[in-house]
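For reference, the structure is listed below as structure tokens.
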Amino acid sequence: MSAVLEIQGLNKSFGGIKATDNLTLTVEQGELHAVIGPNGAGKTTMISQLCGTQVPDSGRVLFKGRDITRLAPHRRAHLGITRSYQITSLIMEMSVLDNVALALQAREGHSFRFLRPARTITHLRERGRDLLTRVGLADKVDHATVALSHGEHRRMELAIALAAEAELMLLDEPMAGLGTQESLEMVALLKGLKGKHSILLIEHDMDAVFALADRISVLVYGHIIATGTPAEIRGNEAVQHAYLGEE
Amino acid sequence: MTRRAWMTLAVLVLLAIVPPAFYLSGNAFYLSLATRLVILAIAAVSLNLILGYGGMVSFGHAAFVGLGAYAVGIPAHHALYGGWDALATNSGWLQIPLAVGITALFALLTGLVCLRTKGVYFIMITMAFAQMIYYLIVSIEEYGGDDGLVIDSRTELWLFDLDKPLQLYALCFLSLLVALGLVRMIVNSRFGMVLQGAKGNPERMASLGFNTYAYRLTAYVISGAMCGYAGALLGNFTTFISPEMMDWHRSGELMFMVILGGAATTIGPVLGAVIFIVLEEILSSYTIYWQLPFGLLLIVTVLFVRGGLAGLLGGRK
């Protein structure tokens, strides 16, 4: 196996607070690597640095061996990195299908195309419908995004991440705010992605993490204190002390 | 057809018929009022592209109107008084491309800087650039400075004789139709989807792989050029131009039209221009404080009517 993503000694401070502290982590090809950690451990800050919306103070991020530490977000997307958001981040003014079609459109080079109405471009619409069907939103395609429930928004996030057909998916708490049943369905969806994409999953839902992950890293105060298989992490005393014990 | 489509059609048909009918029945004044209305509507439609669909609140759009007007006035001035031979002409073949070209260039250069900022900063910096142009024109003695510049002969065009009020109106009205069509085409295109996405959620658009800056800049240039064209028409209509037409009050009026009429709707800016002109005409005959009811109207619209007048009359999309 070769590494898709390598994070090497990443540091990021906000004022006096070290949000990321000498963070080192590797995501192997085809692996589902979960990152868990208490609130405020710096999980979202880590994701932001991986997708380029924040620049680390020091350290390096390598994607398939290439240094992308300071690359602009849209360029990282072109290389094959996609992300979903912890706080639902959709374009509320547009329809459900428009949101997904836009993500598909992003893969077709530039969009300086002024003549044809975007909603008549069949392959974008059909592929969008396929993706929405895959996440169980087939009957919602023409709804206004703002009218959907939270659980449905989480599914849209996933459909958009899938639209990118990215090698590396950064999923920021896809279960956030979901009910028990919805969580189970999301776990089933994510299971279906395993092996096809390399996934870095940030998640609070322990049942989901232990059901899905090939490897788990534990992030505490911006630093990875342990990495291992679910069984290893479960048995790790430091982890139990820092995190699991508090639940 | 939807209710909104009917409303759009009705407004345009009324604009096509009513003002010429007034003119032909001996009320030339109303045609002149409608000409100004239609020209301002084109400027508002251009602003709507970036403000309504792109979320870029430009507070400097009057600068494009002014630049477009001076692109007519300055060549006409030299054609009469000599100097600057390359520029001295009344021909529309030079004046119109000049108006569009110079405003596109101004939009490009200022947009490169302005679009690095967001929110209130964007509003302030667009206004600052517009005021720079305002003071630049004020300082040029040859073109009248503060006192303005009289355009002695109108642009000479193929097919249209702009000295004839009906033909001038016809050109302005057709230009409005083209502007509406262009904006609609752009908004519905793939480019337009990116533009609207960047308004709704710029961070998401970047993470999808769109360089939102480039798309917004392109929209800004298109909008500026379209507004410059409206300025060229305005110069031909008033035949007197002055820096006052690019003052920030004027930019505010354009914003007023877009927001009151309904930002991000096709017909909204036109409705806004209609209300603006009609109210200005009625209220200013009663009181010199006619801007006060305007302000109140805007506040009520923003607070209580989603989607402006177009939303109120045409229903939600």
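Residues are named by chain letter and number: chains run A, B, ... in the order of the structure tokens, numbers start at 1 in each chain, and ligands are numbered from 1 in the order shown.
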Contacts of segment 103-125 of chain B with segment 59-79 of chain B up to 12 Å, shortest pair per row, only C-alpha atoms, as CSV:
```
residue,atom,partner,partner_atom,distance
B:Thr103,CA,B:Phe64,CA,5.8
B:Ala104,CA,B:Phe64,CA,8.8
B:Leu105,CA,B:Phe64,CA,10.4
B:Phe106,CA,B:Phe64,CA,8.1
B:Ala107,CA,B:Phe64,CA,8.2
B:Leu108,CA,B:Phe64,CA,11.8
B:Thr110,CA,B:Gly60,CA,10.5
B:Gly111,CA,B:Gly60,CA,11.2
B:Cys114,CA,B:Gly60,CA,10.9
B:Gly119,CA,B:Phe59,CA,11.3
B:Val120,CA,B:Phe59,CA,10.1
B:Tyr121,CA,B:Phe59,CA,10.6
B:Phe122,CA,B:Phe59,CA,8.4
B:Ile123,CA,B:Phe59,CA,5.4
B:Met124,CA,B:Phe59,CA,7.1
B:Ile125,CA,B:Phe59,CA,8.3
```
Q | Which of segment 142-196 of chain A DSSP labels strand (DSSP E), written as JSON, numbers by chain | A | {"A": [168, 169, 170, 171, 172]}
Q | DSSP alpha helix (DSSP H) residues within segment 157-204 of chain A, listed as a list in words | A |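 Answer for segment 157-204 of chain A, restricted to alpha helix (DSSP H): Glu157, Leu158, Ala159, Ile160, Ala161, Leu162, Ala163, Thr180, Gln181, Glu182, Ser183, Leu184, Glu185, Met186, Val187, Ala188, Leu189, Leu190, Lys191, Gly192 and Leu193 of chain A.
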Q: Do a neighbour search on Gly52 of chain B at 9 Å with only C-alpha atoms, toss out local chain neighbours closer than 6 positions, and write the hits as a list in words.
A: Gln196, Val258, Ile259, Gly262, Ala263, Ala264 and Thr265 of chain B
**Q.** Who sits within 10 Å of Ser58 of chain A, only C-alpha atoms, same chain under 6 positions skipped, as a VMD selection string
**A.** chain A and resid 8 to 13 20 to 22 69
Selected residues written out, N, CA and C atoms, as an mmCIF file, in the first residue's frame:
```cif
data_model
loop_
_atom_site.group_PDB
_atom_site.id
_atom_site.type_symbol
_atom_site.label_atom_id
_atom_site.label_comp_id
_atom_site.auth_asym_id
_atom_site.auth_seq_id
_atom_site.Cartn_x
_atom_site.Cartn_y
_atom_site.Cartn_z
ATOM 1 N N GLN A 8 2.788 15.830 7.817
ATOM 2 C CA GLN A 8 4.073 15.741 8.509
ATOM 3 C C GLN A 8 4.308 16.947 9.399
ATOM 4 N N GLY A 9 4.260 16.713 10.677
ATOM 5 C CA GLY A 9 4.638 17.732 11.664
ATOM 6 C C GLY A 9 3.898 19.051 11.521
ATOM 7 N N LEU A 10 2.602 18.974 11.370
ATOM 8 C CA LEU A 10 1.806 20.182 11.133
ATOM 9 C C LEU A 10 1.586 20.973 12.424
ATOM 10 N N ASN A 11 1.758 22.291 12.342
ATOM 11 C CA ASN A 11 1.502 23.159 13.499
ATOM 12 C C ASN A 11 0.628 24.327 13.079
ATOM 13 N N LYS A 12 -0.314 24.685 13.927
ATOM 14 C CA LYS A 12 -1.127 25.877 13.669
ATOM 15 C C LYS A 12 -1.592 26.448 15.005
ATOM 16 N N SER A 13 -1.298 27.721 15.225
ATOM 17 C CA SER A 13 -1.726 28.365 16.468
ATOM 18 C C SER A 13 -2.669 29.514 16.166
ATOM 19 N N THR A 20 -3.239 22.902 16.341
ATOM 20 C CA THR A 20 -2.592 21.746 15.727
ATOM 21 C C THR A 20 -1.164 21.725 16.238
ATOM 22 N N ASP A 21 -0.771 20.585 16.833
ATOM 23 C CA ASP A 21 0.515 20.533 17.518
ATOM 24 C C ASP A 21 1.324 19.345 17.000
ATOM 25 N N ASN A 22 2.244 19.636 16.098
ATOM 26 C CA ASN A 22 3.132 18.605 15.551
ATOM 27 C C ASN A 22 2.346 17.362 15.133
ATOM 28 N N THR A 69 0.971 21.853 0.697
ATOM 29 C CA THR A 69 0.767 22.615 1.930
ATOM 30 C C THR A 69 0.157 23.993 1.687
#
```
Q) Taking only C-alpha atoms into account, what are the residues of chain A at most 10 Å from chain B, put as a ChimeraX atom specification? A) /A:51-53,72-85,89-94,98-99,101-107,109-121,160-161,163-164
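For the pair atom CA of Pro38 of chain A and atom CA of Ala213 of chain A, the interatomic distance is 17.6 Å.
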Q: Could you check how far atom CA of Val187 of chain A sits from atom CA of Gln86 of chain A, in Å to one decimal?
A: 15.7 Å
Q: Give me the residues within 12 Å of Ser139 of chain B as a list of chain:residue names, counting only C-alpha atoms and dropping any in the same chain fewer than 6 places off.
A: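 Answer for this query is B:Met132, B:Ile133, B:Gly145, B:Asp146, B:Asp147, B:Gly148, B:Ser242, B:Pro243.
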Selected residues, N, CA and C atoms, written as a CSV table (one decimal), in the first residue's frame, please.
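Now in selection-v1.csv:
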```csv
chain,number,residue,atom,x,y,z
B,132,MET,N,-13.1,58.4,-7.2
B,132,MET,CA,-11.8,58.8,-7.9
B,132,MET,C,-12.1,59.3,-9.3
B,133,ILE,N,-12.9,58.5,-10.0
B,133,ILE,CA,-13.3,58.9,-11.4
B,133,ILE,C,-14.0,60.2,-11.4
B,145,GLY,N,-15.0,70.3,-16.5
B,145,GLY,CA,-14.8,70.1,-15.0
B,145,GLY,C,-16.2,69.9,-14.4
B,146,ASP,N,-16.3,70.6,-13.3
B,146,ASP,CA,-17.5,70.7,-12.5
B,146,ASP,C,-18.8,71.1,-13.3
B,147,ASP,N,-18.6,72.0,-14.2
B,147,ASP,CA,-19.7,72.5,-15.0
B,147,ASP,C,-20.3,71.6,-16.0
B,148,GLY,N,-19.6,70.5,-16.3
B,148,GLY,CA,-20.1,69.6,-17.2
B,148,GLY,C,-19.8,69.9,-18.7
B,242,SER,N,-22.3,65.7,-16.9
B,242,SER,CA,-21.4,66.3,-15.8
B,242,SER,C,-21.0,65.2,-14.8
B,243,PRO,N,-19.9,65.5,-14.1
B,243,PRO,CA,-19.4,64.6,-13.1
B,243,PRO,C,-20.5,64.1,-12.1
```
Q | Polymer residues at most 6 Å from segment 200-211 of chain A, only C-alpha atoms, same-chain spacing of 3 or more positions, as an MDAnalysis selection string | A | chainID A and resid 33:36 170:173 230
Given the selection you just returned, output its residues as a file containing N, CA and C atoms, formatted as a compact mmCIF listing (two decimals), in the first residue's frame.
```txt
# COMPACT_ATOMS: atom_id res chain seq x y z
N HIS A 33 -9.68 5.94 7.21
CA HIS A 33 -8.94 6.30 8.40
C HIS A 33 -9.79 7.29 9.20
N ALA A 34 -10.13 6.90 10.42
CA ALA A 34 -10.97 7.79 11.22
C ALA A 34 -10.13 8.57 12.21
N VAL A 35 -10.50 9.81 12.44
CA VAL A 35 -9.85 10.62 13.47
C VAL A 35 -10.90 10.93 14.53
N ILE A 36 -10.62 10.53 15.75
CA ILE A 36 -11.55 10.86 16.83
C ILE A 36 -10.84 11.75 17.83
N LEU A 170 -12.44 13.87 2.43
CA LEU A 170 -12.31 14.32 3.81
C LEU A 170 -13.72 14.54 4.32
N LEU A 171 -14.16 13.68 5.20
CA LEU A 171 -15.55 13.78 5.67
C LEU A 171 -15.56 14.30 7.11
N ASP A 172 -16.11 15.49 7.26
CA ASP A 172 -16.10 16.13 8.57
C ASP A 172 -17.44 15.87 9.27
N GLU A 173 -17.45 14.91 10.14
CA GLU A 173 -18.62 14.54 10.93
C GLU A 173 -19.90 14.37 10.11
N PRO A 230 -9.12 -0.57 15.14
CA PRO A 230 -10.14 -0.34 16.17
C PRO A 230 -9.87 -1.14 17.43
```
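Proximity to Val220 of chain A at 8 Å, evaluated using only C-alpha atoms and with sequence-adjacent residues fewer than 5 positions away removed, yields Gly37, Pro38, Ala41, Gly42, Ile225 and Ala242 of chain A.
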(Q) Using Å and a single decimal, report how far atom CA of Gln29 of chain A sits from atom CA of Ala3 of chain A. (A)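 Taking atom CA of Ala3 of chain A and atom CA of Gln29 of chain A, their separation equals 5.7 Å.
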Q: Could you check which of B:Leu51, B:Met255, B:Ala41, B:Ala219 is closest to Leu234 of chain B, using only C-alpha atoms?
A: B:Ala41
